[in-house]
>>> print(open('query_22.pdb').read())   # PDB, C-alpha atoms, pLDDT in the B column
ATOM      1  CA  MET Q  26     -79.020  42.713  31.569  1.00 77.00           C
ATOM      2  CA  ARG Q  27     -75.374  42.477  30.578  1.00 82.00           C
ATOM      3  CA  PRO Q  28     -74.342  38.797  30.929  1.00 87.00           C
ATOM      4  CA  PHE Q  29     -71.555  38.048  33.388  1.00 91.00           C
ATOM      5  CA  VAL Q  30     -69.699  35.223  35.120  1.00 92.00           C
ATOM      6  CA  PRO Q  31     -68.832  35.617  38.829  1.00 94.00           C
ATOM      7  CA  ILE Q  32     -65.160  35.006  39.644  1.00 94.00           C
ATOM      8  CA  ASN Q  33     -62.859  35.246  42.637  1.00 94.00           C
ATOM      9  CA  LEU Q  34     -59.682  37.310  42.519  1.00 96.00           C
ATOM     10  CA  ARG Q  35     -57.102  37.633  45.309  1.00 95.00           C
ATOM     11  CA  ASP Q  36     -55.972  40.718  47.181  1.00 95.00           C
ATOM     12  CA  PRO Q  37     -52.295  41.252  48.245  1.00 95.00           C
ATOM     13  CA  VAL Q  38     -52.725  39.092  51.363  1.00 95.00           C
ATOM     14  CA  GLY Q  39     -54.436  36.285  49.442  1.00 94.00           C
ATOM     15  CA  ALA Q  40     -58.022  36.986  50.516  1.00 96.00           C
ATOM     16  CA  LYS Q  41     -60.810  36.268  48.022  1.00 96.00           C
ATOM     17  CA  ILE Q  42     -62.264  39.288  46.270  1.00 97.00           C
ATOM     18  CA  ALA Q  43     -65.515  38.876  44.340  1.00 97.00           C
ATOM     19  CA  ALA Q  44     -65.445  40.165  40.762  1.00 97.00           C
ATOM     20  CA  LYS Q  45     -67.282  39.606  37.474  1.00 97.00           C
ATOM     21  CA  ILE Q  46     -66.317  38.913  33.888  1.00 97.00           C
ATOM     22  CA  TYR Q  47     -68.790  40.749  31.697  1.00 96.00           C
ATOM     23  CA  ASP Q  48     -69.660  39.729  28.171  1.00 94.00           C
ATOM     24  CA  GLY Q  49     -68.893  42.845  26.145  1.00 94.00           C
ATOM     25  CA  ILE Q  50     -66.769  45.933  26.628  1.00 96.00           C
ATOM     26  CA  LEU Q  51     -68.785  49.075  27.307  1.00 95.00           C
ATOM     27  CA  PRO Q  52     -67.872  52.795  27.143  1.00 95.00           C
ATOM     28  CA  HIS Q  53     -67.168  52.962  30.903  1.00 97.00           C
ATOM     29  CA  ASN Q  54     -64.556  50.169  30.499  1.00 97.00           C
ATOM     30  CA  ILE Q  55     -62.872  52.110  27.701  1.00 97.00           C
ATOM     31  CA  ALA Q  56     -63.000  55.273  29.816  1.00 97.00           C
ATOM     32  CA  ASP Q  57     -61.266  53.408  32.673  1.00 97.00           C
ATOM     33  CA  PHE Q  58     -58.622  52.195  30.241  1.00 96.00           C
ATOM     34  CA  GLU Q  59     -57.981  55.645  28.809  1.00 96.00           C
ATOM     35  CA  THR Q  60     -58.070  57.657  32.018  1.00 96.00           C
ATOM     36  CA  LYS Q  61     -56.651  55.214  34.594  1.00 97.00           C
ATOM     37  CA  TRP Q  62     -54.611  52.550  32.790  1.00 96.00           C
ATOM     38  CA  LEU Q  63     -52.932  54.464  29.994  1.00 95.00           C
ATOM     39  CA  PRO Q  64     -51.206  57.132  32.123  1.00 95.00           C
ATOM     40  CA  GLU Q  65     -49.607  54.352  34.193  1.00 94.00           C
ATOM     41  CA  LEU Q  66     -48.626  52.288  31.166  1.00 94.00           C
ATOM     42  CA  ARG Q  67     -47.095  55.295  29.424  1.00 94.00           C
ATOM     43  CA  LYS Q  68     -44.951  56.066  32.464  1.00 93.00           C
ATOM     44  CA  VAL Q  69     -43.171  52.713  32.097  1.00 91.00           C
ATOM     45  CA  TYR Q  70     -43.264  52.536  28.280  1.00 88.00           C
ATOM     46  CA  ALA Q  71     -45.230  49.280  28.470  1.00 87.00           C
ATOM     47  CA  ASP Q  72     -45.509  47.136  25.310  1.00 83.00           C
ATOM     48  CA  ASP Q  73     -49.262  47.601  25.297  1.00 86.00           C
ATOM     49  CA  ALA Q  74     -49.393  51.345  26.011  1.00 89.00           C
ATOM     50  CA  LYS Q  75     -50.319  51.982  22.373  1.00 88.00           C
ATOM     51  CA  TRP Q  76     -53.339  49.704  22.257  1.00 89.00           C
ATOM     52  CA  ASP Q  77     -56.516  51.522  21.335  1.00 92.00           C
ATOM     53  CA  TRP Q  78     -59.485  49.729  22.896  1.00 93.00           C
ATOM     54  CA  ALA Q  79     -62.031  52.245  21.618  1.00 94.00           C
ATOM     55  CA  LYS Q  80     -60.947  51.501  18.053  1.00 93.00           C
ATOM     56  CA  LYS Q  81     -60.785  47.741  18.619  1.00 92.00           C
ATOM     57  CA  VAL Q  82     -64.301  47.634  20.041  1.00 92.00           C
ATOM     58  CA  ARG Q  83     -65.736  50.003  17.434  1.00 91.00           C
ATOM     59  CA  SER Q  84     -64.326  48.034  14.494  1.00 88.00           C
ATOM     60  CA  THR Q  85     -65.646  44.677  15.690  1.00 89.00           C
ATOM     61  CA  ASN Q  86     -68.831  45.700  17.462  1.00 83.00           C
ATOM     62  CA  LYS Q  87     -71.762  43.331  16.844  1.00 85.00           C
ATOM     63  CA  LEU Q  88     -69.695  40.954  14.705  1.00 93.00           C
ATOM     64  CA  LEU Q  89     -70.325  37.385  15.879  1.00 93.00           C
ATOM     65  CA  ASN Q  90     -66.734  36.492  15.029  1.00 93.00           C
ATOM     66  CA  PHE Q  91     -65.445  38.614  17.863  1.00 95.00           C
ATOM     67  CA  ARG Q  92     -66.142  38.353  21.563  1.00 95.00           C
ATOM     68  CA  ALA Q  93     -65.058  40.924  24.092  1.00 96.00           C
ATOM     69  CA  TYR Q  94     -64.852  40.604  27.877  1.00 97.00           C
ATOM     70  CA  ALA Q  95     -64.246  42.982  30.756  1.00 97.00           C
ATOM     71  CA  VAL Q  96     -63.272  42.064  34.318  1.00 98.00           C
ATOM     72  CA  GLU Q  97     -64.843  44.462  36.799  1.00 98.00           C
ATOM     73  CA  CYS Q  98     -64.335  44.658  40.539  1.00 97.00           C
ATOM     74  CA  ALA Q  99     -65.942  47.279  42.789  1.00 96.00           C
ATOM     75  CA  GLY Q 100     -66.849  49.379  39.769  1.00 95.00           C
ATOM     76  CA  SER Q 101     -63.351  49.412  38.337  1.00 97.00           C
ATOM     77  CA  THR Q 102     -62.172  47.775  35.094  1.00 98.00           C
ATOM     78  CA  GLU Q 103     -59.385  45.326  35.977  1.00 98.00           C
ATOM     79  CA  GLY Q 104     -58.917  43.378  32.738  1.00 98.00           C
ATOM     80  CA  LEU Q 105     -59.960  43.363  29.081  1.00 97.00           C
ATOM     81  CA  MET Q 106     -59.871  40.709  26.371  1.00 97.00           C
ATOM     82  CA  GLN Q 107     -60.898  40.427  22.749  1.00 97.00           C
ATOM     83  CA  LEU Q 108     -61.331  36.985  21.221  1.00 97.00           C
ATOM     84  CA  ASN Q 109     -61.531  36.099  17.523  1.00 96.00           C
ATOM     85  CA  LEU Q 110     -63.460  32.902  16.808  1.00 94.00           C
ATOM     86  CA  GLN Q 111     -62.073  32.501  13.298  1.00 91.00           C
ATOM     87  CA  HIS Q 112     -58.548  31.133  13.402  1.00 93.00           C
ATOM     88  CA  SER Q 113     -56.813  28.112  11.928  1.00 93.00           C
ATOM     89  CA  SER Q 114     -54.608  25.969  14.174  1.00 95.00           C
ATOM     90  CA  ARG Q 115     -50.970  25.578  13.172  1.00 96.00           C
ATOM     91  CA  LEU Q 116     -51.026  22.139  14.769  1.00 95.00           C
ATOM     92  CA  ASP Q 117     -53.707  20.530  12.600  1.00 91.00           C
ATOM     93  CA  GLY Q 118     -55.539  23.231  10.613  1.00 89.00           C
ATOM     94  CA  HIS Q 119     -58.698  22.933  12.715  1.00 88.00           C
ATOM     95  CA  GLN Q 120     -60.658  25.988  13.739  1.00 89.00           C
ATOM     96  CA  ILE Q 121     -59.699  27.373  17.153  1.00 95.00           C
ATOM     97  CA  ALA Q 122     -60.166  30.653  19.013  1.00 97.00           C
ATOM     98  CA  TYR Q 123     -57.521  33.363  18.904  1.00 98.00           C
ATOM     99  CA  ILE Q 124     -56.891  35.923  21.632  1.00 98.00           C
ATOM    100  CA  GLU Q 125     -56.423  39.186  19.772  1.00 96.00           C
ATOM    101  CA  TYR Q 126     -55.753  41.176  22.937  1.00 95.00           C
ATOM    102  CA  LEU Q 127     -55.521  40.350  26.618  1.00 95.00           C
ATOM    103  CA  HIS Q 128     -54.896  43.250  28.919  1.00 93.00           C
ATOM    104  CA  THR Q 129     -54.721  43.564  32.701  1.00 95.00           C
ATOM    105  CA  ALA Q 130     -54.738  46.861  34.570  1.00 97.00           C
ATOM    106  CA  PRO Q 131     -51.195  48.076  35.316  1.00 96.00           C
ATOM    107  CA  TRP Q 132     -51.693  47.840  39.106  1.00 96.00           C
ATOM    108  CA  ASN Q 133     -52.482  44.127  38.686  1.00 96.00           C
ATOM    109  CA  ARG Q 134     -49.130  43.298  37.065  1.00 94.00           C
ATOM    110  CA  LYS Q 135     -46.425  41.895  39.283  1.00 90.00           C
ATOM    111  CA  GLU Q 136     -43.683  43.430  37.152  1.00 87.00           C
ATOM    112  CA  LEU Q 137     -45.152  46.911  37.737  1.00 91.00           C
ATOM    113  CA  VAL Q 138     -46.704  46.643  41.207  1.00 92.00           C
ATOM    114  CA  ASN Q 139     -45.514  43.952  43.593  1.00 92.00           C
ATOM    115  CA  PRO Q 140     -47.634  42.593  45.120  1.00 93.00           C
ATOM    116  CA  PRO Q 141     -50.347  43.382  42.570  1.00 95.00           C
ATOM    117  CA  HIS Q 142     -53.594  44.916  43.844  1.00 96.00           C
ATOM    118  CA  LEU Q 143     -55.554  41.991  42.445  1.00 97.00           C
ATOM    119  CA  ALA Q 144     -54.122  38.630  41.406  1.00 96.00           C
ATOM    120  CA  LEU Q 145     -55.712  36.118  38.970  1.00 96.00           C
ATOM    121  CA  VAL Q 146     -57.149  38.667  36.512  1.00 97.00           C
ATOM    122  CA  GLY Q 147     -55.113  37.311  33.573  1.00 96.00           C
ATOM    123  CA  ILE Q 148     -55.765  33.638  34.278  1.00 95.00           C
ATOM    124  CA  SER Q 149     -59.496  34.386  34.753  1.00 96.00           C
ATOM    125  CA  LEU Q 150     -59.596  35.828  31.238  1.00 97.00           C
ATOM    126  CA  ILE Q 151     -57.660  32.827  29.909  1.00 97.00           C
ATOM    127  CA  VAL Q 152     -60.241  30.515  31.473  1.00 96.00           C
ATOM    128  CA  GLN Q 153     -62.980  32.599  29.852  1.00 97.00           C
ATOM    129  CA  ALA Q 154     -61.230  32.161  26.482  1.00 97.00           C
ATOM    130  CA  ILE Q 155     -61.242  28.388  27.051  1.00 97.00           C
ATOM    131  CA  VAL Q 156     -64.936  28.441  27.974  1.00 95.00           C
ATOM    132  CA  SER Q 157     -65.796  30.483  24.864  1.00 95.00           C
ATOM    133  CA  SER Q 158     -63.733  28.119  22.712  1.00 96.00           C
ATOM    134  CA  LYS Q 159     -65.594  25.142  24.165  1.00 94.00           C
ATOM    135  CA  GLU Q 160     -68.976  26.807  23.605  1.00 92.00           C
ATOM    136  CA  THR Q 161     -68.014  27.438  19.980  1.00 92.00           C
ATOM    137  CA  GLY Q 162     -67.144  23.773  19.458  1.00 90.00           C
ATOM    138  CA  TYR Q 163     -63.358  24.189  19.485  1.00 93.00           C
ATOM    139  CA  GLY Q 164     -62.740  22.080  22.580  1.00 94.00           C
ATOM    140  CA  GLY Q 165     -61.193  24.887  24.576  1.00 96.00           C
ATOM    141  CA  ARG Q 166     -58.328  25.395  22.142  1.00 97.00           C
ATOM    142  CA  PHE Q 167     -56.986  28.860  21.433  1.00 98.00           C
ATOM    143  CA  ALA Q 168     -53.909  30.640  20.095  1.00 98.00           C
ATOM    144  CA  LEU Q 169     -52.236  33.986  20.664  1.00 98.00           C
ATOM    145  CA  HIS Q 170     -49.173  36.052  19.916  1.00 97.00           C
ATOM    146  CA  SER Q 171     -47.394  36.999  23.114  1.00 95.00           C
ATOM    147  CA  LEU Q 172     -45.918  40.356  23.934  1.00 90.00           C
ATOM    148  CA  PRO Q 173     -42.260  39.972  25.009  1.00 88.00           C
ATOM    149  CA  GLY Q 174     -42.997  40.530  28.701  1.00 85.00           C
ATOM    150  CA  ALA Q 175     -45.564  37.728  28.857  1.00 91.00           C
ATOM    151  CA  THR Q 176     -43.881  34.889  26.955  1.00 94.00           C
ATOM    152  CA  ASN Q 177     -42.635  33.091  30.058  1.00 94.00           C
ATOM    153  CA  TRP Q 178     -46.103  33.131  31.553  1.00 93.00           C
ATOM    154  CA  TYR Q 179     -47.611  31.425  28.493  1.00 95.00           C
ATOM    155  CA  ARG Q 180     -44.640  29.079  28.189  1.00 95.00           C
ATOM    156  CA  LYS Q 181     -44.257  28.005  31.809  1.00 94.00           C
ATOM    157  CA  LYS Q 182     -47.504  28.755  33.601  1.00 92.00           C
ATOM    158  CA  LEU Q 183     -49.891  27.664  30.847  1.00 95.00           C
ATOM    159  CA  ASP Q 184     -47.554  25.160  29.134  1.00 95.00           C
ATOM    160  CA  MET Q 185     -48.717  26.259  25.685  1.00 97.00           C
ATOM    161  CA  VAL Q 186     -47.195  24.854  22.492  1.00 97.00           C
ATOM    162  CA  GLU Q 187     -44.633  27.342  21.249  1.00 97.00           C
ATOM    163  CA  PHE Q 188     -44.075  27.973  17.541  1.00 96.00           C
ATOM    164  CA  GLY Q 189     -41.359  30.592  17.791  1.00 94.00           C
ATOM    165  CA  SER Q 190     -41.096  34.087  16.459  1.00 95.00           C
ATOM    166  CA  ASP Q 191     -43.648  35.098  13.821  1.00 94.00           C
ATOM    167  CA  ASP Q 192     -42.472  37.584  11.184  1.00 93.00           C
ATOM    168  CA  SER Q 193     -46.060  38.253  10.128  1.00 91.00           C
ATOM    169  CA  ALA Q 194     -46.790  39.547  13.647  1.00 93.00           C
ATOM    170  CA  GLY Q 195     -43.804  41.789  14.192  1.00 92.00           C
ATOM    171  CA  GLY Q 196     -41.640  38.977  15.561  1.00 94.00           C
ATOM    172  CA  LEU Q 197     -43.994  38.138  18.444  1.00 95.00           C
ATOM    173  CA  ILE Q 198     -43.965  34.532  19.620  1.00 97.00           C
ATOM    174  CA  TYR Q 199     -46.945  32.427  18.585  1.00 97.00           C
ATOM    175  CA  PHE Q 200     -48.491  29.952  21.060  1.00 98.00           C
ATOM    176  CA  GLU Q 201     -51.353  27.468  20.987  1.00 98.00           C
ATOM    177  CA  LEU Q 202     -53.165  25.741  23.853  1.00 98.00           C
ATOM    178  CA  THR Q 203     -54.163  22.125  23.181  1.00 97.00           C
ATOM    179  CA  GLU Q 204     -57.522  20.635  24.165  1.00 96.00           C
ATOM    180  CA  ASN Q 205     -55.933  18.513  26.901  1.00 96.00           C
ATOM    181  CA  LYS Q 206     -54.166  21.494  28.418  1.00 96.00           C
ATOM    182  CA  ALA Q 207     -57.370  23.523  28.196  1.00 97.00           C
ATOM    183  CA  THR Q 208     -59.234  20.862  30.178  1.00 95.00           C
ATOM    184  CA  GLU Q 209     -56.408  20.664  32.727  1.00 95.00           C
ATOM    185  CA  LEU Q 210     -56.431  24.427  33.195  1.00 94.00           C
ATOM    186  CA  ILE Q 211     -60.202  24.585  33.649  1.00 92.00           C
ATOM    187  CA  ASP Q 212     -60.108  21.734  36.184  1.00 92.00           C
ATOM    188  CA  LYS Q 213     -57.220  23.308  38.062  1.00 90.00           C
ATOM    189  CA  PHE Q 214     -58.711  26.773  38.146  1.00 85.00           C
ATOM    190  CA  THR Q 215     -62.352  25.954  38.807  1.00 79.00           C
ATOM    191  CA  GLY Q 216     -61.926  22.672  40.685  1.00 68.00           C
TER     192      GLY Q 216
ATOM    193  CA  MET L  14     -74.015  31.779  26.743  1.00 75.00           C
ATOM    194  CA  LYS L  15     -77.703  31.139  26.143  1.00 79.00           C
ATOM    195  CA  THR L  16     -78.727  29.385  22.921  1.00 84.00           C
ATOM    196  CA  LYS L  17     -82.073  28.732  21.279  1.00 90.00           C
ATOM    197  CA  PRO L  18     -82.948  25.562  19.335  1.00 92.00           C
ATOM    198  CA  THR L  19     -83.574  26.131  15.611  1.00 92.00           C
ATOM    199  CA  THR L  20     -84.902  23.644  13.076  1.00 94.00           C
ATOM    200  CA  LEU L  21     -83.106  23.618   9.733  1.00 94.00           C
ATOM    201  CA  TYR L  22     -84.270  21.847   6.554  1.00 96.00           C
ATOM    202  CA  LEU L  23     -81.552  20.716   4.129  1.00 96.00           C
ATOM    203  CA  ASN L  24     -81.791  18.721   0.893  1.00 96.00           C
ATOM    204  CA  ASP L  25     -79.580  15.647   0.386  1.00 96.00           C
ATOM    205  CA  ALA L  26     -76.801  17.561  -1.378  1.00 95.00           C
ATOM    206  CA  GLU L  27     -76.671  20.247   1.297  1.00 96.00           C
ATOM    207  CA  ALA L  28     -76.718  17.681   4.087  1.00 97.00           C
ATOM    208  CA  SER L  29     -73.875  15.796   2.396  1.00 97.00           C
ATOM    209  CA  VAL L  30     -71.780  18.960   2.066  1.00 97.00           C
ATOM    210  CA  LEU L  31     -72.441  19.779   5.700  1.00 97.00           C
ATOM    211  CA  GLU L  32     -71.279  16.345   6.828  1.00 97.00           C
ATOM    212  CA  LYS L  33     -68.108  16.486   4.718  1.00 97.00           C
ATOM    213  CA  LEU L  34     -67.219  19.962   5.941  1.00 95.00           C
ATOM    214  CA  CYS L  35     -67.769  18.888   9.552  1.00 94.00           C
ATOM    215  CA  GLU L  36     -65.440  15.944   9.040  1.00 93.00           C
ATOM    216  CA  ARG L  37     -62.738  18.007   7.379  1.00 90.00           C
ATOM    217  CA  ARG L  38     -62.949  20.843   9.899  1.00 86.00           C
ATOM    218  CA  GLY L  39     -63.323  18.643  12.969  1.00 86.00           C
ATOM    219  CA  LEU L  40     -66.519  20.409  14.029  1.00 88.00           C
ATOM    220  CA  SER L  41     -70.043  19.346  14.957  1.00 92.00           C
ATOM    221  CA  LYS L  42     -72.879  20.400  12.627  1.00 94.00           C
ATOM    222  CA  ASN L  43     -73.983  22.922  15.215  1.00 93.00           C
ATOM    223  CA  ALA L  44     -70.492  24.433  15.526  1.00 92.00           C
ATOM    224  CA  LEU L  45     -69.944  24.513  11.782  1.00 94.00           C
ATOM    225  CA  LEU L  46     -73.260  26.226  11.003  1.00 95.00           C
ATOM    226  CA  ARG L  47     -72.636  28.808  13.712  1.00 94.00           C
ATOM    227  CA  GLN L  48     -69.210  29.403  12.226  1.00 92.00           C
ATOM    228  CA  ALA L  49     -70.745  29.792   8.755  1.00 95.00           C
ATOM    229  CA  LEU L  50     -73.091  32.432  10.156  1.00 95.00           C
ATOM    230  CA  ARG L  51     -70.180  34.340  11.716  1.00 94.00           C
ATOM    231  CA  ILE L  52     -68.253  34.311   8.439  1.00 92.00           C
ATOM    232  CA  TYR L  53     -71.315  35.350   6.439  1.00 93.00           C
ATOM    233  CA  GLN L  54     -71.967  38.233   8.827  1.00 94.00           C
ATOM    234  CA  LEU L  55     -68.338  39.368   8.579  1.00 91.00           C
ATOM    235  CA  VAL L  56     -68.359  39.248   4.775  1.00 91.00           C
ATOM    236  CA  ASP L  57     -71.716  41.015   4.656  1.00 91.00           C
ATOM    237  CA  ALA L  58     -70.467  43.762   6.998  1.00 90.00           C
ATOM    238  CA  LYS L  59     -67.394  44.279   4.796  1.00 88.00           C
ATOM    239  CA  ALA L  60     -69.582  44.437   1.677  1.00 89.00           C
ATOM    240  CA  GLN L  61     -71.948  46.913   3.342  1.00 89.00           C
ATOM    241  CA  ASN L  62     -68.902  49.025   4.092  1.00 88.00           C
ATOM    242  CA  GLY L  63     -67.970  49.079   0.403  1.00 91.00           C
ATOM    243  CA  GLU L  64     -65.077  46.626   0.827  1.00 90.00           C
ATOM    244  CA  LYS L  65     -64.398  43.797  -1.617  1.00 88.00           C
ATOM    245  CA  LEU L  66     -63.480  40.170  -1.046  1.00 87.00           C
ATOM    246  CA  PHE L  67     -61.028  38.484  -3.406  1.00 88.00           C
ATOM    247  CA  PHE L  68     -59.710  34.967  -3.797  1.00 88.00           C
ATOM    248  CA  GLU L  69     -56.269  34.498  -5.279  1.00 88.00           C
ATOM    249  CA  ASP L  70     -55.368  31.229  -7.010  1.00 89.00           C
ATOM    250  CA  LYS L  71     -51.922  29.637  -7.148  1.00 88.00           C
ATOM    251  CA  GLY L  72     -51.166  31.593 -10.332  1.00 89.00           C
ATOM    252  CA  LYS L  73     -51.907  34.824  -8.432  1.00 87.00           C
ATOM    253  CA  GLU L  74     -55.066  35.389 -10.475  1.00 89.00           C
ATOM    254  CA  LYS L  75     -57.743  37.116  -8.437  1.00 88.00           C
ATOM    255  CA  SER L  76     -61.484  36.631  -8.520  1.00 89.00           C
ATOM    256  CA  GLU L  77     -63.951  38.727  -6.602  1.00 85.00           C
ATOM    257  CA  LEU L  78     -66.683  37.226  -4.447  1.00 81.00           C
ATOM    258  CA  ILE L  79     -69.888  39.157  -5.027  1.00 80.00           C
ATOM    259  CA  LEU L  80     -72.768  38.884  -2.591  1.00 75.00           C
ATOM    260  CA  VAL L  81     -76.223  39.121  -4.154  1.00 70.00           C
TER     261      VAL L  81
END
>>> encode(input="query_22.pdb", output="C-alpha cells")
Amino acid sequence: MRPFVPINLRDPVGAKIAAKIYDGILPHNIADFETKWLPELRKVYADDAKWDWAKKVRSTNKLLNFRAYAVECAGSTEGLMQLNLQHSSRLDGHQIAYIEYLHTAPWNRKELVNPPHLALVGISLIVQAIVSSKETGYGGRFALHSLPGATNWYRKKLDMVEFGSDDSAGGLIYFELTENKATELIDKFTG
Amino acid sequence: MKTKPTTLYLNDAEASVLEKLCERRGLSKNALLRQALRIYQLVDAKAQNGEKLFFEDKGKEKSELILV
C-alpha cells in the first residue's frame, strides 16, 4: 500500500477537511497537474506554470536522495513537493534537506482564488519536509529557493533565515529553516 | 517511514573514519551511513547512464572517479 500521513485541511468557512499526504507522486497526480492545474496557471502566467512534474519525477524516480509527496483530498491532487536529501547548509555546512519544488493547486492559492478552496496545503507540505529532515537525521532543517510570489510567506510566516538573492538560481531568494524554528513549527502545527 | 535494523561489521580503521565523518558532518552513524547509501546510489545511477563523475582541484585539474 502507498504510505500516507493523514492531515486536516480547511475549507473556505474554516471547517476541517480530511486529506492525506502520500509518499510518492504517481501518474494520476501528474495527470491532475497537467490537465487541471496547468491550464489555470497558464491563464495567470504564474511563476511555476513551466514546471514539468512528469520530467522531475522520471529523472529522480527510485533515487533515495529524492523524496516526493502528493497531497490528495477527495481523489484530487491538491499539492506536490519534491525534496532533495543532499544539501549543504549555508549556515554551518551541515547536511540538511532542500525543497526542490513545492507546488499547491491554483485554486488553493489566496492570490489566485480568495478564499482558497482548501487552506493549509502548503504548510502541510512544509511540515512533511521537516518530518523527513528529522527522519534523515537533519533535525528538521531544510532550505529552499523561493519564487518571487512566495518570499513573504517564507520570510514572515515561517521566519526562515534569509540569504538574499542567489545568482546561481536565477536571482531567487535563498532561505534556510533552523532546527529551533523547525521544532516550533511542528509543535504549532501539530500541537 | 518504516526502518529495519541491520547489523554492520567494521574494522578499527573503518569505525574510526565513520566516527570522524559523523563528528565533522554533525550526523549520527545511522544518518551518515544512510546518506552514504543515497550518494552511492546516485553515483551508481549516473554511471549506469553513461555519465562521468569528476573532481576538480584548486588548480582546476580534473580527475575522474571510476566505479569498479
>>> closest_residue(input="query_22.pdb", among="Q:Ala79, Q:Ala99, Q:Leu110, Q:Ala74", to="Tyr123 in chain Q", atoms="all atoms listed in the file")
Q:Leu110
>>> resolve_selection(input="query_22.pdb", expression="the PyMOL selection byres ((chain Q and resi 207) around 12)", output="PyMOL selection string")
chain Q and resi 121-122+148+151-159+163-168+183-186+201-206+208-215
>>> interface_residues(input="query_22.pdb", of="chain L", to="chain Q", cutoff="12 Å", atoms="all atoms listed in the file", output="PyMOL selection string")
chain L and resi 14-16+34-59+62
>>> residues_near_point(input="query_22.pdb", point="(-69.0, 39.8, -6.8)", cutoff="9 Å", atoms="only C-alpha atoms", output="list in words")
Lys65, Leu66, Phe67, Ser76, Glu77, Leu78, Ile79, Leu80 and Val81 of chain L
>>> residues_around(input="query_22.pdb", residues="Leu145 in chain Q", least_positions_apart="3", cutoff="9 Å", atoms="only C-alpha atoms", output="JSON list (two decimals) with C-alpha atoms, keeping the file's coordinate frame")
[["chain", "number", "residue", "atom", "x", "y", "z"],
["Q", 33, "ASN", "CA", -62.86, 35.25, 42.64],
["Q", 34, "LEU", "CA", -59.68, 37.31, 42.52],
["Q", 35, "ARG", "CA", -57.10, 37.63, 45.31],
["Q", 133, "ASN", "CA", -52.48, 44.13, 38.69],
["Q", 148, "ILE", "CA", -55.76, 33.64, 34.28],
["Q", 149, "SER", "CA", -59.50, 34.39, 34.75],
["Q", 150, "LEU", "CA", -59.60, 35.83, 31.24]]
>>> atom_distance(input="query_22.pdb", atom1="CA of Val146 in chain Q", atom2="CA of Ala43 in chain Q")
11.5 Å
>>> axis_aligned_box(input="query_22.pdb", around="range 67-76 of chain Q", padding_each_side="3 Å", output="JSON")
{"center_x": -48.3, "center_y": 51.6, "center_z": 27.4, "size_x": 16.2, "size_y": 14.9, "size_z": 16.2}
>>> residues_around(input="query_22.pdb", residues="Ile50 in chain Q", least_positions_apart="4", cutoff="7 Å", atoms="all atoms listed in the file", output="VMD selection string")
chain Q and resid 54 93 to 95
>>> resolve_selection(input="query_22.pdb", expression="the PyMOL selection byres ((chain Q and resi 172) around 8)", output="PyMOL selection string")
chain Q and resi 72+170-171+173-176+197-198
>>> resolve_selection(input="query_22.pdb", expression="the PyMOL selection byres ((chain Q and resi 137) around 12)", output="number ranges by chain")
Q: 65-71, 129-136, 138-142, 174
>>> residues_around(input="query_22.pdb", residues="Arg27 in chain Q", least_positions_apart="5", cutoff="10 Å", atoms="all atoms listed in the file", output="VMD selection string")
chain Q and resid 47 to 49 51
>>> atom_distance(input="query_22.pdb", atom1="CA of Val96 in chain Q", atom2="CA of Asn177 in chain Q")
22.9 Å
>>> atom_distance(input="query_22.pdb", atom1="CA of Arg115 in chain Q", atom2="CA of Leu169 in chain Q")
11.3 Å
>>> decode(input="query_22.pdb", residues="range 29-57 of chain L", atoms="C-alpha atoms", output="mmCIF file, in the first residue's frame")
data_model
loop_
_atom_site.group_PDB
_atom_site.id
_atom_site.type_symbol
_atom_site.label_atom_id
_atom_site.label_comp_id
_atom_site.auth_asym_id
_atom_site.auth_seq_id
_atom_site.Cartn_x
_atom_site.Cartn_y
_atom_site.Cartn_z
ATOM 1 C CA SER L 29 37.411 5.466 13.137
ATOM 2 C CA VAL L 30 36.630 7.059 9.767
ATOM 3 C CA LEU L 31 32.927 6.704 10.454
ATOM 4 C CA GLU L 32 33.244 8.443 13.815
ATOM 5 C CA LYS L 33 35.309 11.308 12.382
ATOM 6 C CA LEU L 34 32.911 11.846 9.495
ATOM 7 C CA CYS L 35 29.951 11.856 11.889
ATOM 8 C CA GLU L 36 31.660 14.492 14.007
ATOM 9 C CA ARG L 37 32.558 16.684 11.057
ATOM 10 C CA ARG L 38 29.146 16.372 9.414
ATOM 11 C CA GLY L 39 27.120 16.649 12.612
ATOM 12 C CA LEU L 40 25.303 13.381 11.919
ATOM 13 C CA SER L 41 24.661 10.161 13.824
ATOM 14 C CA LYS L 42 26.266 6.964 12.487
ATOM 15 C CA ASN L 43 22.863 5.824 11.308
ATOM 16 C CA ALA L 44 22.189 9.089 9.449
ATOM 17 C CA LEU L 45 25.648 9.198 7.918
ATOM 18 C CA LEU L 46 25.545 5.613 6.624
ATOM 19 C CA ARG L 47 22.098 6.179 5.143
ATOM 20 C CA GLN L 48 23.428 9.303 3.479
ATOM 21 C CA ALA L 49 26.408 7.351 2.115
ATOM 22 C CA LEU L 50 23.991 4.839 0.604
ATOM 23 C CA ARG L 51 21.981 7.618 -1.065
ATOM 24 C CA ILE L 52 25.123 9.152 -2.558
ATOM 25 C CA TYR L 53 26.418 5.772 -3.724
ATOM 26 C CA GLN L 54 23.086 5.005 -5.383
ATOM 27 C CA LEU L 55 23.078 8.395 -7.124
ATOM 28 C CA VAL L 56 26.638 7.964 -8.398
ATOM 29 C CA ASP L 57 25.902 4.405 -9.495
#
